[in-house]
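Colleague: Sharing a structure below in structure tokens format, with a few things to ask.
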Amino acid sequence: MTLNPNQLIQGSQIEGFPKAYVIGAYDTRITFYSQQVRALALAHALHVEHHIGPNSRIGIVGGGAAGVMLAAALAVQSDAVIQLFEKSEVLMPLQRAATRRRLDPRIYEWPRNDAEHEIAELPILDWTSGSAADVRKAVLGEFEAVRAATENHITVHLNHKIGAVNTTAHGYRVYFERNGAGGAREQAQTEVDLLFFTFGFGLELPRPIRHTPTESYWLDGGVPGAAIDGKARPCFFISGNGDGGLIDFVAAASAEFDHDAMIRAIAHREGVMALRDELLAIDGEARAAEVAGNGYDFIAAYDEKIGARITALGVIDEIAAQLRPGVQLILQTRDSNLMSIKTATLNRLATYLVIKACEQDPVRHFEHVVCENVTPIDPPNEVDAPTFLLDCDGRQISADKVIARRGPDRDAARAPFAAILANFEAQHRVWAGQFPEDSITPTLSEDARAHFVRLSKDKKLPLPRYRHEAAAQVLPLRVKVAQHGQMARWSGDITLDQATTIWGRDARPSKLLIDATPEPLGPLAFAIARLGLHCQQPWFEVDIPRWQPFLARLSCESRHATNLPLPTLRARSNDASTLNASDSLPSEMATRLHETMDRWILDKISGHLNGYLTRGEDPGHLIPFKAAADISAVMSTTWTEWRAAFIAHPPLLARFLRLSVCAQDSNDLVEEARCLVGPLLIKQLTGAIAVTLAIASVWQVMAPHDAPPGNLTRISGSGIRTGHSCAAEFIDGDLTPIRAFKFMWRTHFVVLPMVNSPSGFSTMADTSLIKTELIVPRLTEPGQTSNLVLTVDQAFIEAVGTSVEVLSVLLDVAEEAHFVHMAKAIEKSQEVPA
């Protein structure tokens, strides 16, 4: 049930003190989110019931989650002048340094529905789960936006310590201490019409156990850390069984505590949610026992109702694997009950699982100690003596680490307001008894939510940071290229050297605004086209009649490849960015762009090859064979050498890549061929390089080549031979398997990874020198040999999967057959009558 406005006000208003309210300081199971909801709900209730008049003066004591939210809510719904008092030097000081404590909006409601939802979904000051420090930063960012939108009706007073509050004829006089103009502290006062106490519970005592300092729960140092001094049986003494005590009990037990990982391991574990009804039933029994004034044994209840099933799920085994070796755990409470219904179900279940995991291991140990007083004793000054020795109502217990989570000093936080708050605790206890669920887990009514959603729109408040970041991920990355005289200018959301940010599966949509036509840009037009063609979601804003034929020739009408769709073309707009501006000659900009894109491709291929050659991984099946171990080893060594050569000499890489996807080694086609090299053809490029590396494992003196003809050279007994590794889908518009053996290759050997024909076939002559049944090799320029064409067929795949030796035999046979075949053809040609 959601409380109505009158009920909400009754739970916060102090009897006998009109227009004075308390939020959260006397409630149980306080969370960051629940304090925000309490503040929002109360602000809406006061608005509905007309408790806040025009131009009201409002004082808020405490700049934590409740105080900040209340100030924002009151500011957007009224013209009140609001003063927010915080004794620390910053707002929300508890969460400022808590990078290892996680805040989730609803996880303490688990296993109820939607408890794992990570977004708070508040109408203002919204946030998503993360470290306490990150959540604080997000909320304060939105708070400052509210202050700006409400014309600074909120005044934040930091380093203001409230000393007392007195009533006046129309409201309250607040006395406080602050920093004076000369640096000294000074006394001051102010009057307000309405007063809100949002100071929470106060701070933990630095020594909850005398002479035993304990880091605050909200400091990273307060999270139990790594193993202690290498002890085989590190002993942790945890005092207190509130939520903080239970969380740190699990942290102390864990070898490497990760709050988020703990939540995922339990709440997100498959099968655990099937225990939902049993867990809620246990909580219901425990709540009824508390109302009746009786204790409740959670361990016995969990054993009886979920023990067997949770063991079968393997959760206890998983927790056991995460515990410190030999850990000794002592949980001390004043109550005979190990756990309380006032804590979150998730924390109780985590504690139960740790206890059960300890029971599985004879070296690990857990013990529950019940005592009223814990007194430190000086331990013996000996090597390997325990760090702490404690007297627990007459029993001596040694420990290596003491963690006291006995809650904050509530009395100290309430002391300045004792006169006003004297009867509120009893009053609030009666109210909470009437609404036990809503007092523990407050909810925001739909009316309240709609009210603040409407106000946030009226005030034009910005989106929460997480929504802004999510929206930014679907906004296009903008790039503009313009020509001014002899110079080209790049500008946009990314720098010229970050151009390949718009490539890849996870890249955002990309908008390329080109303020020039292709012809004057020359090579730069091709570089820009290449960049845009290979994006996942590109569009060009261009002079469409000039650019469409140019881009179509490079994409959907390409005579070399498929899978190159024409990008979306739109008329030029003014929505361009002037950021990251860079001027250079068009040719220089083209070179930088191409080198950046080539390096991106190299890194992607290298990452895939490394995974394949070291671990046998081939996601997407880009490589058409499974290499034997000795071949993989040689391929890996060869690739390391080739990659280093590519990095050292970018033109070598550029030539190798473009000829890998284009059969025509022509100066006229250089720019067009380079446009093929990108993510859309990464499969062909990776496969071509893998096949070529496999051949190089046998022909070991083979390397990339940066001069025509081809992109490879091989040193053999007969000298240097040139090669062309090519995975082109088309050769000048014809399918490669059809055209390959009639094409005028200009190199001694050709590697065709995309053609599945027997290795060693020679090319067929266009103009037959003789009429014969034999396949006649093409004779190139006088004095040169014909081509040896190597393809991937079943024999090649089997040889690569066997060994270097078997592959070597296969290639030797193919090469020998090729030369025999060529010699016979030459002999036949010489027999032709003059």
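Each chain in the structure tokens gets a letter, A, B, ..., in the order shown, and its residues are numbered from 1; ligands are numbered from 1 in order too.
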As a list in words, please: the residues near region 728-734 of chain A (cut-off 9 Å, only C-alpha atoms, same-chain neighbours under 5 positions excluded).
Modeller: Ser558, Arg559, His560, Ala561, Thr562, Leu659, Ser660, Val661, Cys662, Ala663, Gln664, Gln684, Arg739, Ala740, Phe743, Leu752 and Met754 of chain A
Colleague: Save out the residues we just selected, C-alpha atoms, as an mmCIF file, in the first residue's frame.
Modeller:
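Just written: result_12.cif:
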data_model
loop_
_atom_site.group_PDB
_atom_site.id
_atom_site.type_symbol
_atom_site.label_atom_id
_atom_site.label_comp_id
_atom_site.auth_asym_id
_atom_site.auth_seq_id
_atom_site.Cartn_x
_atom_site.Cartn_y
_atom_site.Cartn_z
ATOM 1 C CA SER A 558 31.908 -2.389 -57.073
ATOM 2 C CA ARG A 559 33.544 -4.722 -59.616
ATOM 3 C CA HIS A 560 35.678 -6.324 -56.893
ATOM 4 C CA ALA A 561 33.491 -7.190 -53.871
ATOM 5 C CA THR A 562 29.984 -7.776 -52.546
ATOM 6 C CA LEU A 659 45.927 -6.485 -53.192
ATOM 7 C CA SER A 660 44.473 -8.977 -50.722
ATOM 8 C CA VAL A 661 40.979 -7.876 -51.815
ATOM 9 C CA CYS A 662 41.662 -6.687 -55.372
ATOM 10 C CA ALA A 663 43.163 -8.834 -58.129
ATOM 11 C CA GLN A 664 44.084 -5.936 -60.399
ATOM 12 C CA GLN A 684 38.275 -12.172 -46.499
ATOM 13 C CA ARG A 739 37.803 -15.740 -63.956
ATOM 14 C CA ALA A 740 40.874 -16.687 -61.867
ATOM 15 C CA PHE A 743 43.217 -13.774 -65.643
ATOM 16 C CA LEU A 752 43.604 -17.772 -53.900
ATOM 17 C CA MET A 754 38.508 -18.045 -51.833
#
Colleague: Residues of region 526-583 of chain A classed as strand (DSSP E or B) by DSSP on the backbone are to be reported as number ranges by chain.
Modeller: A: 538-541, 568-570, 582-583
Colleague: Using only C-alpha atoms, determine which residues lie at most 9 Å from Lys480 (chain A), disregarding the query and same-chain residues fewer than 5 positions distant; provide the list as a list in words.
Modeller: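 Skipping anything fewer than 5 positions along the chain leaves Arg489, Trp490, Ser491, Gly492, Lys511, Leu512, Leu513, Ile514, Asp515, Ala576, Ser577 and Thr578 of chain A.
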Colleague: Identify all residues of region 55-127 of chain A in alpha helix (DSSP H) (DSSP on the backbone) and supply them as a PyMOL selection string.
Modeller: chain A and resi 65-77
Colleague: Include N, CA, C and O atoms and write out the residues we just selected as a CSV table (one decimal), in the first residue's frame.
Modeller:
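Here's the written file out25.csv:
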chain,number,residue,atom,x,y,z
A,65,ALA,N,21.4,12.3,1.6
A,65,ALA,CA,20.5,11.9,0.5
A,65,ALA,C,19.2,12.5,0.7
A,65,ALA,O,18.6,13.0,-0.3
A,66,ALA,N,18.6,12.5,1.9
A,66,ALA,CA,17.3,13.0,2.1
A,66,ALA,C,17.3,14.5,2.0
A,66,ALA,O,16.4,15.1,1.4
A,67,GLY,N,18.3,15.2,2.7
A,67,GLY,CA,18.3,16.7,2.6
A,67,GLY,C,18.5,17.2,1.3
A,67,GLY,O,17.8,18.2,0.9
A,68,VAL,N,19.3,16.7,0.5
A,68,VAL,CA,19.6,17.1,-0.9
A,68,VAL,C,18.3,16.9,-1.8
A,68,VAL,O,17.9,17.8,-2.5
A,69,MET,N,17.7,15.7,-1.7
A,69,MET,CA,16.5,15.5,-2.4
A,69,MET,C,15.4,16.4,-2.0
A,69,MET,O,14.6,17.0,-2.8
A,70,LEU,N,15.2,16.6,-0.7
A,70,LEU,CA,14.1,17.5,-0.2
A,70,LEU,C,14.3,18.9,-0.7
A,70,LEU,O,13.3,19.5,-1.1
A,71,ALA,N,15.5,19.4,-0.6
A,71,ALA,CA,15.8,20.8,-1.1
A,71,ALA,C,15.4,20.9,-2.6
A,71,ALA,O,14.8,21.9,-3.0
A,72,ALA,N,15.8,19.9,-3.4
A,72,ALA,CA,15.5,20.0,-4.8
A,72,ALA,C,14.0,19.9,-5.1
A,72,ALA,O,13.5,20.6,-5.9
A,73,ALA,N,13.3,19.0,-4.3
A,73,ALA,CA,11.9,18.8,-4.5
A,73,ALA,C,11.1,20.1,-4.1
A,73,ALA,O,10.2,20.5,-4.9
A,74,LEU,N,11.4,20.7,-3.0
A,74,LEU,CA,10.8,21.9,-2.6
A,74,LEU,C,11.0,23.0,-3.5
A,74,LEU,O,10.2,23.9,-3.8
A,75,ALA,N,12.2,23.1,-4.1
A,75,ALA,CA,12.6,24.2,-5.0
A,75,ALA,C,11.8,24.1,-6.3
A,75,ALA,O,11.4,25.2,-6.8
A,76,VAL,N,11.6,22.9,-6.8
A,76,VAL,CA,10.9,22.9,-8.1
A,76,VAL,C,9.4,23.0,-8.0
A,76,VAL,O,8.8,23.3,-9.0
A,77,GLN,N,8.9,22.8,-6.8
A,77,GLN,CA,7.4,22.9,-6.6
A,77,GLN,C,7.0,24.2,-5.9
A,77,GLN,O,5.8,24.4,-5.7
Colleague: Find the residues of region 59-158 of chain A that sit at most 10 Å from region 261-264 of chain A; for each, write down the nearest two atoms and how far apart they are in Å, to one decimal. Count only C-alpha atoms. Sort by chain, then by number going up, and give it as CSV.
Modeller:
residue,atom,partner,partner_atom,distance
A:Arg102,CA,A:Ile263,CA,9.8
A:Asp104,CA,A:Ile263,CA,9.9
A:Ile107,CA,A:Ile263,CA,8.3
A:Glu116,CA,A:Ile263,CA,9.2
Colleague: Let me make sure I understand: among A:His621, A:Arg449, A:Lys683, A:Arg465, which one has the smallest atom-to-atom distance to Leu40 (chain A) if we use only C-alpha atoms?
Modeller: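 Ranked by minimum distance to Leu40 (chain A), first place goes to A:Arg449.
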Colleague: Can you list, as a PDB file with C-alpha atoms, in the first residue's frame, every protein, DNA or RNA residue that comes within 10 Å of Arg530 (chain A) when you count only C-alpha atoms, leaving out same-chain residues fewer than 4 positions away?
Modeller:
ATOM      1  CA  LEU A 524      40.980  12.438 -49.866  1.00  0.00           C
ATOM      2  CA  ALA A 525      37.571  11.726 -51.419  1.00  0.00           C
ATOM      3  CA  PHE A 526      38.484   8.030 -51.576  1.00  0.00           C
ATOM      4  CA  HIS A 534      32.682   0.456 -43.618  1.00  0.00           C
ATOM      5  CA  CYS A 535      30.649   2.003 -40.756  1.00  0.00           C
ATOM      6  CA  LEU A 551      30.105   6.288 -53.827  1.00  0.00           C
ATOM      7  CA  LEU A 554      32.945   2.061 -54.700  1.00  0.00           C
ATOM      8  CA  SER A 555      30.127   0.189 -52.947  1.00  0.00           C
ATOM      9  CA  LEU A 593      43.338   8.646 -42.747  1.00  0.00           C
ATOM     10  CA  HIS A 594      44.409   5.603 -44.747  1.00  0.00           C
ATOM     11  CA  MET A 597      42.407   2.736 -41.059  1.00  0.00           C
ATOM     12  CA  GLU A 671      42.513   4.362 -54.588  1.00  0.00           C
ATOM     13  CA  GLU A 672      39.477   2.302 -55.523  1.00  0.00           C
ATOM     14  CA  ALA A 673      41.123  -0.858 -54.181  1.00  0.00           C
ATOM     15  CA  ARG A 674      42.011   0.810 -50.884  1.00  0.00           C
ATOM     16  CA  CYS A 675      38.323   1.558 -50.343  1.00  0.00           C
ATOM     17  CA  LEU A 676      37.693  -2.186 -50.126  1.00  0.00           C
ATOM     18  CA  VAL A 677      39.894  -2.561 -47.063  1.00  0.00           C
ATOM     19  CA  GLY A 678      37.680  -2.243 -44.013  1.00  0.00           C
TER      20      GLY A 678
END
Colleague: Counting only C-alpha atoms, what is within 8 Å of Ala627 (chain A), bar same-chain residues fewer than 5 positions away, as a ChimeraX atom specification?
Modeller: /A:632,800-802
Colleague: Could you tell me which of A:Phe257, A:Phe249, A:Phe741, A:Tyr175 comes closest to Ala188 (chain A) if we count only C-alpha atoms?
Modeller: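 Checking each of A:Phe257, A:Phe249, A:Phe741, A:Tyr175 against Ala188 (chain A), counting only C-alpha atoms, the winner is A:Tyr175.
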Colleague: With only C-alpha atoms as the atoms that count, which of A:His649, A:Arg100, A:Arg147, A:Arg505 lies nearest to Gln83 (chain A)?
Modeller: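 Looking at the shortest contact to Gln83 (chain A), the residue is A:Arg147.
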Colleague: Neighbours of Ala628 (chain A) within 12 Å (only C-alpha atoms; same-chain residues fewer than 4 positions away dropped), as a list in words?
Modeller: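 These residues fall inside the cut-off: Tyr612, Leu613, Thr614, Gly616, Ser632, Ala633, Val634, Met635, Ala694, Ser697, Ile797, Glu798, Ala799, Val800, Gly801, Thr802, Ser803, Val804, Glu805, Val806 and Leu807 of chain A.
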Colleague: Now that the selection is made, can you save its residues with N, CA, C and O atoms as an mmCIF file, in the first residue's frame?
Modeller:
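Result file follows (selection_13.cif):
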data_model
loop_
_atom_site.group_PDB
_atom_site.id
_atom_site.type_symbol
_atom_site.label_atom_id
_atom_site.label_comp_id
_atom_site.auth_asym_id
_atom_site.auth_seq_id
_atom_site.Cartn_x
_atom_site.Cartn_y
_atom_site.Cartn_z
ATOM 1 N N TYR A 612 43.684 -17.420 -32.522
ATOM 2 C CA TYR A 612 43.648 -18.672 -33.286
ATOM 3 C C TYR A 612 44.933 -19.471 -33.107
ATOM 4 O O TYR A 612 44.896 -20.692 -32.883
ATOM 5 N N LEU A 613 46.081 -18.798 -33.201
ATOM 6 C CA LEU A 613 47.362 -19.512 -33.196
ATOM 7 C C LEU A 613 47.800 -19.943 -31.797
ATOM 8 O O LEU A 613 48.563 -20.896 -31.658
ATOM 9 N N THR A 614 47.329 -19.255 -30.767
ATOM 10 C CA THR A 614 47.740 -19.618 -29.407
ATOM 11 C C THR A 614 46.702 -20.460 -28.669
ATOM 12 O O THR A 614 47.054 -21.293 -27.845
ATOM 13 N N GLY A 616 43.577 -21.635 -30.411
ATOM 14 C CA GLY A 616 42.679 -22.335 -31.322
ATOM 15 C C GLY A 616 41.323 -21.683 -31.473
ATOM 16 O O GLY A 616 40.371 -22.309 -31.934
ATOM 17 N N SER A 632 51.054 -24.015 -36.613
ATOM 18 C CA SER A 632 50.644 -22.841 -35.844
ATOM 19 C C SER A 632 51.847 -22.119 -35.257
ATOM 20 O O SER A 632 51.914 -20.881 -35.245
ATOM 21 N N ALA A 633 52.814 -22.876 -34.768
ATOM 22 C CA ALA A 633 54.001 -22.271 -34.162
ATOM 23 C C ALA A 633 54.787 -21.463 -35.189
ATOM 24 O O ALA A 633 55.210 -20.328 -34.927
ATOM 25 N N VAL A 634 54.978 -22.037 -36.377
ATOM 26 C CA VAL A 634 55.719 -21.318 -37.420
ATOM 27 C C VAL A 634 54.909 -20.122 -37.918
ATOM 28 O O VAL A 634 55.458 -19.038 -38.153
ATOM 29 N N MET A 635 53.606 -20.306 -38.074
ATOM 30 C CA MET A 635 52.749 -19.198 -38.497
ATOM 31 C C MET A 635 52.829 -18.039 -37.504
ATOM 32 O O MET A 635 52.893 -16.867 -37.893
ATOM 33 N N ALA A 694 50.159 -19.962 -43.670
ATOM 34 C CA ALA A 694 50.323 -21.421 -43.679
ATOM 35 C C ALA A 694 51.287 -21.845 -44.785
ATOM 36 O O ALA A 694 52.162 -22.697 -44.576
ATOM 37 N N SER A 697 54.770 -21.082 -43.858
ATOM 38 C CA SER A 697 55.384 -21.980 -42.878
ATOM 39 C C SER A 697 56.219 -23.055 -43.563
ATOM 40 O O SER A 697 57.099 -23.660 -42.950
ATOM 41 N N ILE A 797 43.596 -28.444 -46.884
ATOM 42 C CA ILE A 797 43.069 -28.375 -45.512
ATOM 43 C C ILE A 797 43.597 -29.551 -44.681
ATOM 44 O O ILE A 797 44.010 -29.385 -43.528
ATOM 45 N N GLU A 798 43.607 -30.749 -45.256
ATOM 46 C CA GLU A 798 44.082 -31.922 -44.525
ATOM 47 C C GLU A 798 45.579 -31.821 -44.245
ATOM 48 O O GLU A 798 46.047 -32.193 -43.159
ATOM 49 N N ALA A 799 46.333 -31.305 -45.211
ATOM 50 C CA ALA A 799 47.780 -31.183 -45.019
ATOM 51 C C ALA A 799 48.104 -30.169 -43.926
ATOM 52 O O ALA A 799 48.956 -30.409 -43.063
ATOM 53 N N VAL A 800 47.418 -29.015 -43.932
ATOM 54 C CA VAL A 800 47.655 -27.993 -42.903
ATOM 55 C C VAL A 800 47.299 -28.535 -41.526
ATOM 56 O O VAL A 800 47.945 -28.203 -40.522
ATOM 57 N N GLY A 801 46.299 -29.351 -41.468
ATOM 58 C CA GLY A 801 45.885 -29.905 -40.181
ATOM 59 C C GLY A 801 46.749 -31.047 -39.696
ATOM 60 O O GLY A 801 46.556 -31.536 -38.580
ATOM 61 N N THR A 802 47.727 -31.490 -40.536
ATOM 62 C CA THR A 802 48.563 -32.636 -40.154
ATOM 63 C C THR A 802 49.924 -32.195 -39.650
ATOM 64 O O THR A 802 50.275 -32.414 -38.493
ATOM 65 N N SER A 803 50.725 -31.574 -40.498
ATOM 66 C CA SER A 803 52.061 -31.168 -40.069
ATOM 67 C C SER A 803 52.721 -30.322 -41.149
ATOM 68 O O SER A 803 52.283 -30.288 -42.308
ATOM 69 N N VAL A 804 53.807 -29.675 -40.771
ATOM 70 C CA VAL A 804 54.618 -28.918 -41.725
ATOM 71 C C VAL A 804 55.140 -29.846 -42.811
ATOM 72 O O VAL A 804 55.151 -29.509 -44.002
ATOM 73 N N GLU A 805 55.557 -31.028 -42.415
ATOM 74 C CA GLU A 805 56.142 -31.971 -43.365
ATOM 75 C C GLU A 805 55.137 -32.368 -44.439
ATOM 76 O O GLU A 805 55.455 -32.373 -45.640
ATOM 77 N N VAL A 806 53.902 -32.686 -44.043
ATOM 78 C CA VAL A 806 52.888 -33.105 -45.009
ATOM 79 C C VAL A 806 52.519 -31.950 -45.937
ATOM 80 O O VAL A 806 52.368 -32.130 -47.150
ATOM 81 N N LEU A 807 52.400 -30.734 -45.374
ATOM 82 C CA LEU A 807 52.090 -29.581 -46.207
ATOM 83 C C LEU A 807 53.230 -29.310 -47.187
ATOM 84 O O LEU A 807 52.995 -28.960 -48.357
#
Colleague: Mind running region 128-227 of chain A against region 47-54 of chain A at 12 Å and telling me each contacting residue's nearest atom pair with the distance in Å (one decimal), counting only C-alpha atoms, chain and number ascending, as a Markdown table?
Modeller:
| residue | atom | partner | partner_atom | distance |
| --- | --- | --- | --- | --- |
| A:Val192 | CA | A:Ile52 | CA | 12.0 |
| A:Asp193 | CA | A:Ile52 | CA | 9.0 |
| A:Leu194 | CA | A:Ile52 | CA | 8.0 |
| A:Leu195 | CA | A:Ile52 | CA | 11.2 |
Colleague: Would you save the residues from that selection as a compact mmCIF listing (two decimals), in the first residue's frame, using all heavy atoms?
Modeller:
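So the final result, stored in selection.txt, reads:
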# COMPACT_ATOMS: atom_id res chain seq x y z
N VAL A 192 13.41 30.67 10.15
CA VAL A 192 12.72 29.97 9.07
C VAL A 192 11.28 29.73 9.47
O VAL A 192 10.94 29.72 10.67
CB VAL A 192 13.40 28.63 8.74
CG1 VAL A 192 14.83 28.85 8.24
CG2 VAL A 192 13.41 27.69 9.95
N ASP A 193 10.42 29.52 8.46
CA ASP A 193 9.02 29.22 8.73
C ASP A 193 8.79 27.72 8.89
O ASP A 193 7.93 27.31 9.68
CB ASP A 193 8.15 29.74 7.57
CG ASP A 193 8.33 31.23 7.34
OD1 ASP A 193 8.31 31.98 8.33
OD2 ASP A 193 8.52 31.63 6.18
N LEU A 194 9.50 26.94 8.12
CA LEU A 194 9.40 25.48 8.20
C LEU A 194 10.79 24.93 8.44
O LEU A 194 11.79 25.44 7.90
CB LEU A 194 8.84 24.88 6.92
CG LEU A 194 7.39 25.17 6.54
CD1 LEU A 194 7.30 26.44 5.71
CD2 LEU A 194 6.78 23.99 5.77
N LEU A 195 10.85 23.83 9.20
CA LEU A 195 12.14 23.25 9.55
C LEU A 195 12.08 21.74 9.33
O LEU A 195 11.15 21.06 9.79
CB LEU A 195 12.50 23.56 11.00
CG LEU A 195 13.88 23.12 11.47
CD1 LEU A 195 14.98 23.81 10.67
CD2 LEU A 195 14.05 23.41 12.96
Colleague: CA of His268 (chain A) and CA of His117 (chain A), how far apart in Å?
Modeller: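 Distance between the two atoms: 11.2 Å.
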Colleague: In Å, with one decimal, what is the gap from CA of Thr591 (chain A) to CA of Asn574 (chain A)?
Modeller: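 Interatomic distance here is 27.4 Å.
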Colleague: Set the distance at 10 Å and use only C-alpha atoms: which residues neighbour Ile319 (chain A) once local chain neighbours fewer than 2 positions away are removed? I'd like the list as number ranges by chain.
Modeller: A: 250, 253-254, 262, 265-266, 314-317, 321-323, 350, 353-358
Colleague: Quick one: write out the picked residues with N, CA and C atoms as a CSV table (one decimal), in the first residue's frame?
Modeller:
chain,number,residue,atom,x,y,z
A,250,VAL,N,30.7,-11.0,5.3
A,250,VAL,CA,30.9,-11.7,4.1
A,250,VAL,C,32.2,-11.2,3.5
A,253,ALA,N,35.2,-12.8,5.1
A,253,ALA,CA,35.3,-14.2,4.7
A,253,ALA,C,35.9,-14.4,3.4
A,254,SER,N,35.7,-13.4,2.5
A,254,SER,CA,36.1,-13.5,1.1
A,254,SER,C,37.6,-13.2,0.8
A,262,MET,N,29.2,-10.1,-5.3
A,262,MET,CA,28.5,-10.9,-4.3
A,262,MET,C,27.0,-10.8,-4.6
A,265,ALA,N,26.4,-13.0,-7.6
A,265,ALA,CA,26.5,-14.5,-7.4
A,265,ALA,C,25.3,-15.1,-6.7
A,266,ILE,N,24.6,-14.2,-6.0
A,266,ILE,CA,23.4,-14.8,-5.3
A,266,ILE,C,22.1,-14.4,-5.9
A,314,GLY,N,24.3,-25.6,-6.0
A,314,GLY,CA,25.8,-25.4,-6.0
A,314,GLY,C,26.2,-24.0,-5.6
A,315,VAL,N,25.3,-23.2,-5.0
A,315,VAL,CA,25.6,-21.9,-4.5
A,315,VAL,C,26.6,-21.9,-3.4
A,316,ILE,N,26.4,-22.8,-2.5
A,316,ILE,CA,27.3,-22.9,-1.3
A,316,ILE,C,28.7,-23.3,-1.8
A,317,ASP,N,28.8,-24.2,-2.7
A,317,ASP,CA,30.1,-24.6,-3.3
A,317,ASP,C,30.8,-23.4,-4.0
A,321,ALA,N,34.3,-21.5,-2.7
A,321,ALA,CA,35.5,-21.3,-3.6
A,321,ALA,C,36.0,-19.9,-3.5
A,322,GLN,N,35.2,-19.0,-3.0
A,322,GLN,CA,35.6,-17.6,-2.9
A,322,GLN,C,36.2,-17.2,-1.6
A,323,LEU,N,36.1,-18.1,-0.6
A,323,LEU,CA,36.5,-17.8,0.8
A,323,LEU,C,38.1,-17.8,0.9
A,350,ALA,N,23.4,-14.2,2.2
A,350,ALA,CA,24.8,-14.2,2.0
A,350,ALA,C,25.6,-14.7,3.3
A,353,LEU,N,25.0,-18.4,3.7
A,353,LEU,CA,25.8,-19.2,2.7
A,353,LEU,C,27.3,-19.3,3.2
A,354,VAL,N,27.8,-18.2,3.7
A,354,VAL,CA,29.2,-18.2,4.2
A,354,VAL,C,29.3,-19.2,5.4
A,355,ILE,N,28.4,-19.1,6.3
A,355,ILE,CA,28.4,-20.1,7.4
A,355,ILE,C,28.4,-21.5,7.0
A,356,LYS,N,27.5,-21.8,6.0
A,356,LYS,CA,27.4,-23.2,5.5
A,356,LYS,C,28.7,-23.6,4.7
A,357,ALA,N,29.3,-22.6,4.0
A,357,ALA,CA,30.5,-22.9,3.3
A,357,ALA,C,31.7,-23.2,4.3
A,358,CYS,N,31.7,-22.5,5.4
A,358,CYS,CA,32.7,-22.8,6.5
A,358,CYS,C,32.5,-24.2,7.1
Colleague: Of the candidates A:Lys401, A:Ile310, A:Ser34, A:Ala426, which one gets nearest to Glu215 (chain A) if we count only C-alpha atoms?
Modeller: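 Counting only C-alpha atoms, the residue closest to Glu215 (chain A) is A:Lys401.
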